[in-house]
Structures are given as structure tokens and as C-alpha cells.
Amino acid sequence: MSDMDPSLIQDFLTEAGELIEQLDADLVKLETAEGDELTELCNSCFRGLHTIKGAASFLGLTAVTTFAHAAEDALNKMRKGEVPVTTEVMDAMLRSADVVRDQIDALSGGGEAAEGPADLIDTLHRIANAQADDDDAGEAAAGPAADHDAPGVPLELPAQKADLLEFMVQDLRDYADQLDEVFGQVANDATREEAAAQLAEIGDNMVKTAEFFELDHLSRVVSLFVTTAPSLNDCPGDLLPELLIRLQAAQRLIHDQAAALENQRALTWSLDTFVERITRLSGHTQIEEQFVGLHDNVVDNVLALDEIVKDTYEPVEAPPAEATADQTGAGADAPSAEPTPAADKKKEDAPANKPAVEQTIRVEVGRLESLLNLVGQLVLNKNRVLGLTRTLKDASIPAELNEEFTAAAGELDHLMGELQVGVMRTRMQPLAKLFDRYPRVIRDIARQTDKKIDLLIEGKDTEVDKSVLENLADPLVHILRNSADHGVEPPADRLAKSKPETGVIKLTAEHQGSHVRVAIADDGKGLDPKVIGGKAVERGLVSPEQLDKMNDSDIFRFIFEAGFSTAKQVSDLSGRGVGMDVVRTNIQKLNGTINIDSAVDRGTTIEILIPLTVAIMPAMVVGVGRHLYSVPLQSIIEIVRPETEQVHTVKGHQVMRLRDSVLPLVNMQERLNEERNDHGGRFAVVVAVGGQSAGLLVDKLVGQQEIVIKPLDDGYTQGGPFSGATIQDDGEVSLILDVTQLVRQPPASAGPPETRAA
Amino acid sequence: MKVLLVDDSKTMRNIQKGILAQLGYSQIEEAADGLDALSKLGAFSPELLLVDWNMPNMDGLTFVKKYRASGGASPIIMVTTEAEKVRVVEAIKAGVNNYVVKPFTPDVLAERIKETLARVTAA
């Protein structure tokens, strides 16, 4: 199974590493432990090794499995107290832990696990075979198989069945518990029929379960429920007590077996008399007269009367189950004499024992900051090295040395990029961190102002860099307060305007192209450009003539001026004209833009767009001409292959019919000034932004990738349709296409119709 | 030995068929889901059934219940994924005799089949 899912192996290695650590610590403690603590530590070590062995064998890691098995056998002896905890034994155990650790380390490093050292394996075998040589019960019986004082015989189950044993124990107990109620109903004439049906069903389920786990004796016992159930309905009154107490005896046997199963042991009983008597009763015949009523309604008495249990109990030396049928089996008090928990219950025990696996760790922000700083300095240094490689090329040094140096520098560059991404990634946080505070803010304002306001939040999972998050915190609170305090009207006013009494403020966040868009929309009274314009003139921010030429959205921007407020009354909450100034300053710090859209009595929407200086997003990498470009996946609706007959030219623009609509096409070879070739326009990547869509004709599709957006100076792109750049896996730069620009700007010229469908 | 393979994936059936052929079983009938399997039971009485859990139309568990309810007594090996393993107990109560977790190697399946048949013969 070498072609196992690598993530499974990875999980195993991680878990095994933790288990080994635990094992190591436990073993050290074990050396000096005594009594119960010793037992518990032994058990813990055993479980750890057992889990490793189990998983390793599933993954086909033979070397690990074999060695862990040997160590486990030795440990098992220790656990049972059959081998004293001597320095020699402990040396061997600790060395074993080291060997397994080395094996795990080797596997983690992509290598192969070495076989365990032969001398150590010999020592382990010697420990395992000390005193008794009969501990050979096999995988299923691993663990307390040789518990000679526990009742029953060791269970010999294939591993996959033994694996489910714990479920079965639970199941058996649940059923046995249900039987209490069923028996009660059987005793009652009114409910007997229904109870009988239930008994048959429970019996049937248990028979199947017992069969699956190859417990023949149990199967024989639970079959009695199935065979007896139909006879209950018209059971003569004098027989019922005899039958019922025997059914209860059967229930006891189930409980006993469940307890024994926890120690991987199967109970055997001598059932012949018991079965015969129940069968007779089911046939509505009374049992032998001298036994009637002798049970005194005590289950234990039935077990003795029907010869299920004999007085003396002799341990059984694991013979085949059939042979023991006549021998003595479980006592009425079946639970094991030894408190050793079952070894195979790894699912339950192992996780409980090892420390909880940490999915996240908390790191001081300061450490992340200094890490980021170091990365920044490293980048500068890397640039110097890269610069040096170019200088070296001109110098008269051997070409080979030069080449090697260049290769090393290239590798450094590549790794630096990854390091940078890795560190940046640790700084990404969901906007929920901010957004989750706001419902409280809005509720408080609503209470203070006697308004009714609902805050709807969308997209709080959107991740942004920590610095963005911090700089957004204040502006968003200010805008929200403004919306709640000035925007949303008091209930009476709203009703007068035939608006719903409750105002709605909607806070949304989403990644939009290379930006994060955060919008706050209220359905309040809106901004009045006349009022704002008037105030601006009054404050001398603008002349009346200038104002005339301004459009509404520019006029709205005056609200960001320091000290600008149109509120007639300054409240505790807002209106002093400070807040919006903070908004503008903070957003500018992030190179963001703010747009205000408002209509009187319809409400105001404030939209903040912040570039994702460090954002990671999924993109489709496409090839055009000789280069690769990235298209943000969120803009892509679908990808189609345009057929020649689907493409038309309308008014000089290329379009194609896509189902029932006409889709404008953008010839990317032309648009990006790439080399023309015959593969042009093989695929049309259909993108959409704000209701407009277009098909980008590209040469090839490379695949979907997580890309890291690096901002580009406008100077470099010469106004091209790019929103940034990203580094491909091979270190090549690929430009990120600005879908917004491509969709809005119609192709410059139609060019020759590109209808060469592949 | 007549074997019924119930699995919606043709690939899986082919793999199983190959393994069965290696083991010397040649009378193999295939069904693509539980319903299909039920319809084939009239003409073909399998002596061993390999049943996938997750199938369209009728899943393996339902099929096993119906098969057992109709008196079918041949051993059933349930083919499950690791994720379904905890649910195997349900299948056990419905009457499966053994199970094998995907992905399995030919050896594992062969072992399970031998195991299951040995148990049935012994009983």
C-alpha cells in the first residue's frame, strides 16, 4: 500500500511523533513507579505502541509494524507483572522508543524506516517469552489474552472485527438494558403482544451481532429470544414465571459476555439444560415438576438449576470453543478479576491518554511583527545578492562558478518568496474579529436613541491582513454610528414616510478582484447634497460656483472634512464632525478609497475599497502568447470553447452567442500585445463584474492556483489591464488581469475576426 | 461458488471480479445497486455476496435487510469506506457476516472471503 494517500501518512507521522513523546515520558516515570501508577503507566505505554503498530500496519509500514509488535509483546509482559521492571528491561524499552522515533523521523524525512536492530529485537523477544511461552494469542487477543484468572476463552477474531468490538459491547449493553422494560411488559397481559414483537426484534439483532463476532455461545443464548417470543402471547399463566425468569437469566448472560468482551474474552456456558427447558416452555409444556418454582425468582438460582454454572470454576486453556461447551464457564459475577483495560480499545483509550492535539497556537503579535521585519530585511538582502549575480556576469570569473552562483541566488529568491508568503499568511485574520463587536454597538445606539435598528452582517469570514483589520476598526465604528445615529430615523418618522418601523443597516465584506470591499448601507434618511453643499460653502471649503459644477458623490465627500457636521445637535454618539475625518485618514493609510452613494429618504451606502496588499486568492492561470496570466477565480463564471460558427463581429466588436445571450469577446493576444499564434482564442474565459460580462479569449488553461497578490506600481503596467502580479511556482512572474478594466473597456479595434476554433 | 457483486462502480466490480477469479470463483453475477441486485436474485442464488454500502437507488444496508428478510442466508461481506466503519454495526445487525474497508489489497479481500466462508462452513 505504498500508494496510500500521503495525507494519511502525514497524519500518522504526526500522531506517532506525539505518541512516542508520551511513551518516552511514561517509560521514564515507569522506572520508579509502583502499584496502581505502575499499572496505569504500563497501560498507557502499551496503548501508545499498540496504536502506532495498528496504524503502521494499515499503512503498510512493515518495519515499524514488526518492531512495534516486538516491543509491544515485551511491554505486555511487563504490564501483566510477569516481568519485573529491571534496569535491563527499562533499557530495552527506552531503546525501543528511540528506535521507533528514528523510524518515524526517517519516514517524516521522506526516507524509509530501517528495521529495528536485531540484538534489541532479541532482547525484546526474550522479555516477551520470559516465564510463560504461551502468549501467542495473535493480533485480536493482543493484550490480556493470557489472563488466566479472567473467565472465558481468549477471543480469536480477525483484526477488522476485533476493531468493532467496543461498539458491540455498547450495543449488547444497550439491548440488555432495553430488555428490562420488555420483560416488564411481557409480565403485563395488556402489553405482552407488543413486547413479544420487540423481544423478537432485539433477539434477531443480537443473533446477527453475535454471529458476526463469532460468539457461538452467545448466539445460542440470544436465539432463545427469537424462538420464545412468538409463544409468549398465549403462554399459560403457570408457565410464564418459569419462562420469564429464564429470559432474565439469558439477559444476565448477555451482560456477563459484554463484560468479558472488554477483556477480549469469549464466555462459554453449558447451555443444554437451559435451552432445553426454555424450548419446552416455549412449546407450552411445564418443566420437570421438581424444579418448578425452585428458582425463587432469583436469576442466580436459575443459572445453577439449569446447570449453566457449576460450583467450581476452572480456568480454560484456550481450546476450541466447541470443546469447552461442556466445561464450566462464566460465573454469575463475570467481570474480570484483573482491572486491566482492554488493549484493543485504542480508539477510545489512546486519545484520552495523550495530551489533546493542538490545532492552533497563540503567538504574541510582537513576535510575528519582528518575524515580518526580519523577512523584510531578508528580502532586501536577497535583492542585493540577485544584483550581485548580474554584476558577476560581467566580471571575468569562470562561467561555471558564475552559473552555480546564479542558480543558488535563484533558489534563494524562490525560497524567500515562499517565506514571505508564509509569514504574511500568519497575519491574515477574518473580519469577524471586527464585525462581531458591532451588533452590540448598534444595539446600544438603538437603545439610547429609541430607534429600532437591525444590523445584518455578511461576509465576516473574509480574511484581511492584520494591519488592514486594525485600520478598519475605527472607521467602521464611526460609519456605523453615523448610520445609526444620523441615518436611520426614529420609528415615528419612518412610519410617516411609510417605511418599516425598524431600520436596517447592512454591513458586507467581500473580496472583489484585488480589493476587499466593505460596505455599510442603511435605509435611513440619506444625505442631501444641497444641505451638505450649503454647509461646505458656509465653511469656505468651496465656492458656490465650484459647487455648481460638482456632482453629488463629490459633494458627499465634504462629510469627510475635519470638523464638518450637518447635525443640528451634537449628540454623545456622533455629530461633532470628528469621526468621518478619522475614517478618511485611516482608509488613506491603507491606500483605500471611499465611495458614497446616497439618496434622500432611501438611505446611504458607504463603500470602502482596500487593496489587498497581501492577499491570497484562488485564480485560474491562463496562457496567452508566451506568457502566463492569472484571472481571479471569483470573477470567472465559466469557461467555454468557442466554435467558429458561434463567433460573430458586431459593429467591429467580436461577440459570441452563449446560450441565449450575446457575449462580448476580448482577444487577449491583441489586448496584451502578445505574439500572435495559431492557438489564439481556443478558450473563452467568461468573466463578470458588476453585471457586465465578457469572454476573454486565451490560448491555454494552465490550472487553478492559490496566488499571492503583489501590488504593482502603475508606472510598470502602463495602464495595462493588470491589478497586480504574482509569482508562479517556477519563480516566473505572472500578471494578474484586472477583470474590471477588461470588461469595461471595449477592445480597441475589432481586428481580424478570431474564429479559429481549435 | 456463485458470487454476487453489488457495487455501483464498474471499476470496483472489475477489481473484485479479478480477485475472485484468482481465488478460483468463476460464477460471478454483477449488480449496479441494491434494486438491481434484488432483481437478479430470482435467477441467480448467490452463495456469497460482496455489497458496497454507498450506492444510488438502493444502498447496501437496505439491500442486506431486504435480502435477509426474504430468507437469503448466504454470507455477506460489506464493502465500506473508513468513514462508514462506525456504521458497520448497523450493517451487522442487518445481517452482514464480515466487512472489508476500502481501499483494500487483493490479499485482504481474499483473506476476508476465506475467513467468512470458513466460518460459515464451520457453523
# chains A, B, ... in the order shown; residues from 1 in each chain; ligands from 1
>>> select_by_dssp(residues="segment 397-494 of chain A", states="strand (DSSP E)", output="ChimeraX atom specification")
/A:428-430,453-458,463-465
>>> interface_residues(of="chain A", to="chain B", cutoff="8 Å", atoms="only C-alpha atoms", output="ChimeraX atom specification")
/A:1,160-161,164,167-168,204-206,208-209,211-212,214
>>> closest_residue(among="A:Val292, A:Ile52, A:Ile636, A:Ala399", to="Gln704 of chain A", atoms="only C-alpha atoms")
A:Ile636
>>> select_by_dssp(residues="segment 45-190 of chain A", states="helix (DSSP H, G or I)", output="ChimeraX atom specification")
/A:45-58,62-79,87-108,118-128,144-146,159-162,165-187,189-190
>>> residues_around(residues="Asp189 of chain A", least_positions_apart="2", cutoff="12 Å", atoms="only C-alpha atoms", output="NGL selection string")
:A and (183-187 or 191-196 or 232-237 or 240)
>>> atom_distance(atom1="atom CA of Val99 of chain A", atom2="atom CA of Asp107 of chain B")
29.2 Å
>>> residues_around(residues="Asp174 of chain A", least_positions_apart="3", cutoff="12 Å", atoms="only C-alpha atoms", output="PyMOL selection string")
chain A and resi 167-171+177-181+202+205-206+251+254-255+258
>>> write_last_selection(atoms="all heavy atoms", output="CSV table (one decimal), in the first residue's frame")
chain,number,residue,atom,x,y,z
A,167,PHE,N,-17.9,-1.3,19.9
A,167,PHE,CA,-19.2,-0.9,19.6
A,167,PHE,C,-20.2,-2.0,20.0
A,167,PHE,O,-21.3,-1.8,20.4
A,167,PHE,CB,-19.4,-0.7,18.0
A,167,PHE,CG,-18.5,0.4,17.5
A,167,PHE,CD1,-17.5,0.2,16.7
A,167,PHE,CD2,-18.8,1.7,17.9
A,167,PHE,CE1,-16.7,1.3,16.3
A,167,PHE,CE2,-18.1,2.8,17.5
A,167,PHE,CZ,-17.0,2.6,16.6
A,168,MET,N,-19.7,-3.2,19.8
A,168,MET,CA,-20.6,-4.3,20.1
A,168,MET,C,-20.9,-4.4,21.6
A,168,MET,O,-22.0,-4.7,22.0
A,168,MET,CB,-19.9,-5.6,19.7
A,168,MET,CG,-20.6,-6.7,20.4
A,168,MET,SD,-20.2,-8.3,19.8
A,168,MET,CE,-21.6,-9.2,20.3
A,169,VAL,N,-19.9,-4.2,22.4
A,169,VAL,CA,-20.1,-4.2,23.8
A,169,VAL,C,-21.2,-3.2,24.2
A,169,VAL,O,-22.1,-3.5,24.9
A,169,VAL,CB,-18.8,-3.9,24.6
A,169,VAL,CG1,-19.0,-3.7,26.1
A,169,VAL,CG2,-17.7,-5.0,24.4
A,170,GLN,N,-21.0,-2.0,23.7
A,170,GLN,CA,-22.0,-1.0,23.9
A,170,GLN,C,-23.4,-1.4,23.5
A,170,GLN,O,-24.4,-1.3,24.2
A,170,GLN,CB,-21.6,0.3,23.2
A,170,GLN,CG,-22.4,1.5,23.6
A,170,GLN,CD,-22.4,1.7,25.2
A,170,GLN,OE1,-21.4,1.6,25.8
A,170,GLN,NE2,-23.6,1.9,25.7
A,171,ASP,N,-23.4,-2.0,22.3
A,171,ASP,CA,-24.7,-2.4,21.7
A,171,ASP,C,-25.4,-3.5,22.6
A,171,ASP,O,-26.6,-3.4,22.8
A,171,ASP,CB,-24.3,-3.0,20.4
A,171,ASP,CG,-25.3,-2.5,19.3
A,171,ASP,OD1,-25.6,-1.3,19.3
A,171,ASP,OD2,-25.8,-3.3,18.5
A,177,ASP,N,-30.2,-3.6,28.5
A,177,ASP,CA,-30.9,-2.7,29.3
A,177,ASP,C,-32.4,-2.6,28.8
A,177,ASP,O,-33.3,-2.5,29.6
A,177,ASP,CB,-30.3,-1.3,29.2
A,177,ASP,CG,-28.9,-1.3,30.0
A,177,ASP,OD1,-28.7,-2.3,30.8
A,177,ASP,OD2,-28.1,-0.4,29.8
A,178,GLN,N,-32.5,-2.5,27.5
A,178,GLN,CA,-33.9,-2.5,26.9
A,178,GLN,C,-34.7,-3.6,27.3
A,178,GLN,O,-35.9,-3.5,27.5
A,178,GLN,CB,-33.8,-2.5,25.4
A,178,GLN,CG,-33.5,-1.1,24.7
A,178,GLN,CD,-33.5,-1.3,23.2
A,178,GLN,OE1,-34.4,-1.9,22.6
A,178,GLN,NE2,-32.5,-0.7,22.6
A,179,LEU,N,-34.1,-4.8,27.5
A,179,LEU,CA,-34.8,-6.0,27.9
A,179,LEU,C,-35.6,-5.8,29.2
A,179,LEU,O,-36.6,-6.4,29.4
A,179,LEU,CB,-33.9,-7.2,27.9
A,179,LEU,CG,-33.4,-7.7,26.6
A,179,LEU,CD1,-32.4,-8.8,26.8
A,179,LEU,CD2,-34.6,-8.2,25.8
A,180,ASP,N,-35.0,-5.0,30.1
A,180,ASP,CA,-35.7,-4.8,31.4
A,180,ASP,C,-37.1,-4.4,31.2
A,180,ASP,O,-38.0,-4.9,31.8
A,180,ASP,CB,-34.9,-3.7,32.2
A,180,ASP,CG,-33.7,-4.3,32.9
A,180,ASP,OD1,-33.7,-5.5,33.1
A,180,ASP,OD2,-32.8,-3.5,33.1
A,181,GLU,N,-37.2,-3.4,30.3
A,181,GLU,CA,-38.5,-2.8,30.0
A,181,GLU,C,-39.4,-3.9,29.3
A,181,GLU,O,-40.6,-4.1,29.7
A,181,GLU,CB,-38.4,-1.6,29.1
A,181,GLU,CG,-39.6,-0.7,29.2
A,181,GLU,CD,-39.4,0.5,28.2
A,181,GLU,OE1,-38.3,0.9,28.0
A,181,GLU,OE2,-40.4,0.9,27.7
A,202,ILE,N,-35.2,-7.5,19.0
A,202,ILE,CA,-33.9,-7.4,19.7
A,202,ILE,C,-33.1,-8.7,19.6
A,202,ILE,O,-31.9,-8.6,19.3
A,202,ILE,CB,-34.2,-7.0,21.2
A,202,ILE,CG1,-34.8,-5.6,21.3
A,202,ILE,CG2,-32.9,-7.1,22.0
A,202,ILE,CD1,-35.2,-5.2,22.7
A,205,ASN,N,-31.5,-9.0,16.1
A,205,ASN,CA,-30.4,-8.1,16.0
A,205,ASN,C,-29.2,-8.7,16.8
A,205,ASN,O,-28.0,-8.7,16.3
A,205,ASN,CB,-30.7,-6.7,16.5
A,205,ASN,CG,-31.5,-5.9,15.5
A,205,ASN,OD1,-31.3,-6.1,14.3
A,205,ASN,ND2,-32.3,-5.0,16.0
A,206,MET,N,-29.4,-9.2,17.9
A,206,MET,CA,-28.3,-9.7,18.7
A,206,MET,C,-27.8,-11.0,18.2
A,206,MET,O,-26.6,-11.2,18.2
A,206,MET,CB,-28.8,-9.9,20.2
A,206,MET,CG,-28.8,-8.6,21.0
A,206,MET,SD,-28.8,-8.8,22.8
A,206,MET,CE,-30.4,-9.5,23.0
A,251,GLN,N,-30.6,-12.7,29.9
A,251,GLN,CA,-30.1,-11.3,29.9
A,251,GLN,C,-28.9,-11.2,30.7
A,251,GLN,O,-27.9,-10.5,30.4
A,251,GLN,CB,-31.3,-10.4,30.5
A,251,GLN,CG,-30.9,-9.0,30.6
A,251,GLN,CD,-32.0,-8.2,31.4
A,251,GLN,OE1,-32.7,-8.8,32.2
A,251,GLN,NE2,-32.0,-6.9,31.2
A,254,ILE,N,-25.9,-12.2,28.8
A,254,ILE,CA,-25.5,-11.1,27.8
A,254,ILE,C,-24.6,-10.1,28.5
A,254,ILE,O,-23.6,-9.7,28.1
A,254,ILE,CB,-26.7,-10.4,27.2
A,254,ILE,CG1,-27.6,-11.5,26.4
A,254,ILE,CG2,-26.3,-9.3,26.3
A,254,ILE,CD1,-28.9,-11.0,26.0
A,255,HIS,N,-25.1,-9.7,29.7
A,255,HIS,CA,-24.3,-8.7,30.5
A,255,HIS,C,-22.9,-9.3,30.8
A,255,HIS,O,-21.9,-8.6,30.6
A,255,HIS,CB,-25.0,-8.4,31.8
A,255,HIS,CG,-25.9,-7.2,31.7
A,255,HIS,ND1,-25.5,-6.0,31.2
A,255,HIS,CD2,-27.3,-7.1,31.9
A,255,HIS,CE1,-26.6,-5.2,31.2
A,255,HIS,NE2,-27.6,-5.8,31.6
A,258,ALA,N,-20.8,-9.2,27.8
A,258,ALA,CA,-20.3,-7.9,27.4
A,258,ALA,C,-19.1,-7.5,28.3
A,258,ALA,O,-18.2,-6.9,27.8
A,258,ALA,CB,-21.5,-6.9,27.6
>>> residues_around(residues="segment 375-379 of chain A", least_positions_apart="4", cutoff="12 Å", atoms="only C-alpha atoms", output="ChimeraX atom specification")
/A:368-371,383-386,412-424
>>> decode(residues="segment 162-176 of chain A", atoms="all heavy atoms", output="PDB file, in the first residue's frame")
ATOM      1  N   ALA A 162     -12.309  -7.388  15.414  1.00  0.00           N
ATOM      2  CA  ALA A 162     -11.916  -7.010  16.765  1.00  0.00           C
ATOM      3  C   ALA A 162     -12.000  -5.503  16.930  1.00  0.00           C
ATOM      4  O   ALA A 162     -12.321  -4.983  18.005  1.00  0.00           O
ATOM      5  CB  ALA A 162     -10.501  -7.496  17.036  1.00  0.00           C
ATOM      6  N   ASP A 163     -11.750  -4.819  15.812  1.00  0.00           N
ATOM      7  CA  ASP A 163     -11.795  -3.372  15.787  1.00  0.00           C
ATOM      8  C   ASP A 163     -13.141  -2.812  16.209  1.00  0.00           C
ATOM      9  O   ASP A 163     -13.244  -1.712  16.730  1.00  0.00           O
ATOM     10  CB  ASP A 163     -11.528  -2.962  14.336  1.00  0.00           C
ATOM     11  CG  ASP A 163     -10.526  -1.872  14.267  1.00  0.00           C
ATOM     12  OD1 ASP A 163      -9.784  -1.722  15.249  1.00  0.00           O
ATOM     13  OD2 ASP A 163     -10.494  -1.174  13.253  1.00  0.00           O
ATOM     14  N   LEU A 164     -14.184  -3.556  15.918  1.00  0.00           N
ATOM     15  CA  LEU A 164     -15.538  -3.058  16.169  1.00  0.00           C
ATOM     16  C   LEU A 164     -16.067  -3.523  17.515  1.00  0.00           C
ATOM     17  O   LEU A 164     -17.202  -3.250  17.886  1.00  0.00           O
ATOM     18  CB  LEU A 164     -16.485  -3.547  15.076  1.00  0.00           C
ATOM     19  CG  LEU A 164     -16.193  -3.049  13.669  1.00  0.00           C
ATOM     20  CD1 LEU A 164     -17.128  -3.714  12.681  1.00  0.00           C
ATOM     21  CD2 LEU A 164     -16.359  -1.538  13.604  1.00  0.00           C
ATOM     22  N   LEU A 165     -15.215  -4.248  18.235  1.00  0.00           N
ATOM     23  CA  LEU A 165     -15.678  -4.885  19.454  1.00  0.00           C
ATOM     24  C   LEU A 165     -16.293  -3.908  20.448  1.00  0.00           C
ATOM     25  O   LEU A 165     -17.316  -4.191  21.067  1.00  0.00           O
ATOM     26  CB  LEU A 165     -14.502  -5.619  20.093  1.00  0.00           C
ATOM     27  CG  LEU A 165     -14.854  -6.878  20.837  1.00  0.00           C
ATOM     28  CD1 LEU A 165     -15.613  -7.833  19.950  1.00  0.00           C
ATOM     29  CD2 LEU A 165     -13.581  -7.534  21.352  1.00  0.00           C
ATOM     30  N   GLU A 166     -15.646  -2.743  20.554  1.00  0.00           N
ATOM     31  CA  GLU A 166     -16.161  -1.815  21.560  1.00  0.00           C
ATOM     32  C   GLU A 166     -17.582  -1.366  21.235  1.00  0.00           C
ATOM     33  O   GLU A 166     -18.387  -1.147  22.129  1.00  0.00           O
ATOM     34  CB  GLU A 166     -15.236  -0.619  21.720  1.00  0.00           C
ATOM     35  CG  GLU A 166     -15.012   0.159  20.453  1.00  0.00           C
ATOM     36  CD  GLU A 166     -14.154   1.379  20.715  1.00  0.00           C
ATOM     37  OE1 GLU A 166     -14.611   2.233  21.492  1.00  0.00           O
ATOM     38  OE2 GLU A 166     -13.060   1.477  20.151  1.00  0.00           O
ATOM     39  N   PHE A 167     -17.880  -1.254  19.939  1.00  0.00           N
ATOM     40  CA  PHE A 167     -19.244  -0.886  19.555  1.00  0.00           C
ATOM     41  C   PHE A 167     -20.197  -1.994  19.968  1.00  0.00           C
ATOM     42  O   PHE A 167     -21.310  -1.760  20.405  1.00  0.00           O
ATOM     43  CB  PHE A 167     -19.353  -0.692  18.048  1.00  0.00           C
ATOM     44  CG  PHE A 167     -18.535   0.447  17.545  1.00  0.00           C
ATOM     45  CD1 PHE A 167     -17.453   0.228  16.717  1.00  0.00           C
ATOM     46  CD2 PHE A 167     -18.837   1.748  17.916  1.00  0.00           C
ATOM     47  CE1 PHE A 167     -16.696   1.275  16.262  1.00  0.00           C
ATOM     48  CE2 PHE A 167     -18.075   2.800  17.463  1.00  0.00           C
ATOM     49  CZ  PHE A 167     -16.999   2.557  16.641  1.00  0.00           C
ATOM     50  N   MET A 168     -19.716  -3.219  19.792  1.00  0.00           N
ATOM     51  CA  MET A 168     -20.576  -4.335  20.091  1.00  0.00           C
ATOM     52  C   MET A 168     -20.883  -4.397  21.587  1.00  0.00           C
ATOM     53  O   MET A 168     -22.017  -4.665  21.973  1.00  0.00           O
ATOM     54  CB  MET A 168     -19.896  -5.615  19.667  1.00  0.00           C
ATOM     55  CG  MET A 168     -20.571  -6.737  20.390  1.00  0.00           C
ATOM     56  SD  MET A 168     -20.203  -8.306  19.785  1.00  0.00           S
ATOM     57  CE  MET A 168     -21.615  -9.199  20.322  1.00  0.00           C
ATOM     58  N   VAL A 169     -19.867  -4.158  22.411  1.00  0.00           N
ATOM     59  CA  VAL A 169     -20.078  -4.196  23.849  1.00  0.00           C
ATOM     60  C   VAL A 169     -21.169  -3.199  24.219  1.00  0.00           C
ATOM     61  O   VAL A 169     -22.106  -3.499  24.949  1.00  0.00           O
ATOM     62  CB  VAL A 169     -18.763  -3.873  24.592  1.00  0.00           C
ATOM     63  CG1 VAL A 169     -19.033  -3.690  26.067  1.00  0.00           C
ATOM     64  CG2 VAL A 169     -17.743  -4.967  24.354  1.00  0.00           C
ATOM     65  N   GLN A 170     -21.041  -1.996  23.656  1.00  0.00           N
ATOM     66  CA  GLN A 170     -22.022  -0.960  23.941  1.00  0.00           C
ATOM     67  C   GLN A 170     -23.418  -1.410  23.503  1.00  0.00           C
ATOM     68  O   GLN A 170     -24.404  -1.263  24.209  1.00  0.00           O
ATOM     69  CB  GLN A 170     -21.614   0.330  23.222  1.00  0.00           C
ATOM     70  CG  GLN A 170     -22.395   1.541  23.645  1.00  0.00           C
ATOM     71  CD  GLN A 170     -22.435   1.678  25.167  1.00  0.00           C
ATOM     72  OE1 GLN A 170     -21.396   1.578  25.825  1.00  0.00           O
ATOM     73  NE2 GLN A 170     -23.609   1.869  25.724  1.00  0.00           N
ATOM     74  N   ASP A 171     -23.430  -1.961  22.311  1.00  0.00           N
ATOM     75  CA  ASP A 171     -24.678  -2.395  21.718  1.00  0.00           C
ATOM     76  C   ASP A 171     -25.356  -3.469  22.574  1.00  0.00           C
ATOM     77  O   ASP A 171     -26.554  -3.409  22.841  1.00  0.00           O
ATOM     78  CB  ASP A 171     -24.350  -2.995  20.351  1.00  0.00           C
ATOM     79  CG  ASP A 171     -25.298  -2.497  19.307  1.00  0.00           C
ATOM     80  OD1 ASP A 171     -25.552  -1.279  19.305  1.00  0.00           O
ATOM     81  OD2 ASP A 171     -25.793  -3.330  18.526  1.00  0.00           O
ATOM     82  N   LEU A 172     -24.546  -4.421  22.981  1.00  0.00           N
ATOM     83  CA  LEU A 172     -25.083  -5.511  23.797  1.00  0.00           C
ATOM     84  C   LEU A 172     -25.676  -4.957  25.082  1.00  0.00           C
ATOM     85  O   LEU A 172     -26.751  -5.365  25.519  1.00  0.00           O
ATOM     86  CB  LEU A 172     -23.968  -6.490  24.160  1.00  0.00           C
ATOM     87  CG  LEU A 172     -23.642  -7.590  23.162  1.00  0.00           C
ATOM     88  CD1 LEU A 172     -22.571  -8.497  23.733  1.00  0.00           C
ATOM     89  CD2 LEU A 172     -24.886  -8.408  22.844  1.00  0.00           C
ATOM     90  N   ARG A 173     -24.942  -4.010  25.663  1.00  0.00           N
ATOM     91  CA  ARG A 173     -25.424  -3.450  26.933  1.00  0.00           C
ATOM     92  C   ARG A 173     -26.713  -2.692  26.727  1.00  0.00           C
ATOM     93  O   ARG A 173     -27.644  -2.790  27.525  1.00  0.00           O
ATOM     94  CB  ARG A 173     -24.362  -2.524  27.513  1.00  0.00           C
ATOM     95  CG  ARG A 173     -23.160  -3.308  27.956  1.00  0.00           C
ATOM     96  CD  ARG A 173     -22.346  -2.558  28.987  1.00  0.00           C
ATOM     97  NE  ARG A 173     -21.494  -3.516  29.667  1.00  0.00           N
ATOM     98  CZ  ARG A 173     -20.189  -3.365  29.829  1.00  0.00           C
ATOM     99  NH1 ARG A 173     -19.592  -2.271  29.392  1.00  0.00           N
ATOM    100  NH2 ARG A 173     -19.481  -4.279  30.444  1.00  0.00           N
ATOM    101  N   ASP A 174     -26.769  -1.931  25.632  1.00  0.00           N
ATOM    102  CA  ASP A 174     -27.996  -1.175  25.362  1.00  0.00           C
ATOM    103  C   ASP A 174     -29.176  -2.123  25.238  1.00  0.00           C
ATOM    104  O   ASP A 174     -30.245  -1.889  25.795  1.00  0.00           O
ATOM    105  CB  ASP A 174     -27.845  -0.373  24.066  1.00  0.00           C
ATOM    106  CG  ASP A 174     -26.884   0.783  24.234  1.00  0.00           C
ATOM    107  OD1 ASP A 174     -26.517   1.064  25.396  1.00  0.00           O
ATOM    108  OD2 ASP A 174     -26.503   1.398  23.229  1.00  0.00           O
ATOM    109  N   TYR A 175     -28.938  -3.196  24.470  1.00  0.00           N
ATOM    110  CA  TYR A 175     -30.024  -4.148  24.277  1.00  0.00           C
ATOM    111  C   TYR A 175     -30.430  -4.797  25.601  1.00  0.00           C
ATOM    112  O   TYR A 175     -31.607  -4.924  25.912  1.00  0.00           O
ATOM    113  CB  TYR A 175     -29.608  -5.234  23.285  1.00  0.00           C
ATOM    114  CG  TYR A 175     -29.774  -4.814  21.849  1.00  0.00           C
ATOM    115  CD1 TYR A 175     -28.783  -5.035  20.914  1.00  0.00           C
ATOM    116  CD2 TYR A 175     -30.956  -4.205  21.430  1.00  0.00           C
ATOM    117  CE1 TYR A 175     -28.940  -4.663  19.602  1.00  0.00           C
ATOM    118  CE2 TYR A 175     -31.125  -3.820  20.114  1.00  0.00           C
ATOM    119  CZ  TYR A 175     -30.114  -4.052  19.191  1.00  0.00           C
ATOM    120  OH  TYR A 175     -30.270  -3.676  17.900  1.00  0.00           O
ATOM    121  N   ALA A 176     -29.416  -5.202  26.346  1.00  0.00           N
ATOM    122  CA  ALA A 176     -29.706  -5.870  27.612  1.00  0.00           C
ATOM    123  C   ALA A 176     -30.515  -4.936  28.511  1.00  0.00           C
ATOM    124  O   ALA A 176     -31.439  -5.370  29.204  1.00  0.00           O
ATOM    125  CB  ALA A 176     -28.411  -6.288  28.282  1.00  0.00           C
TER     126      ALA A 176
END
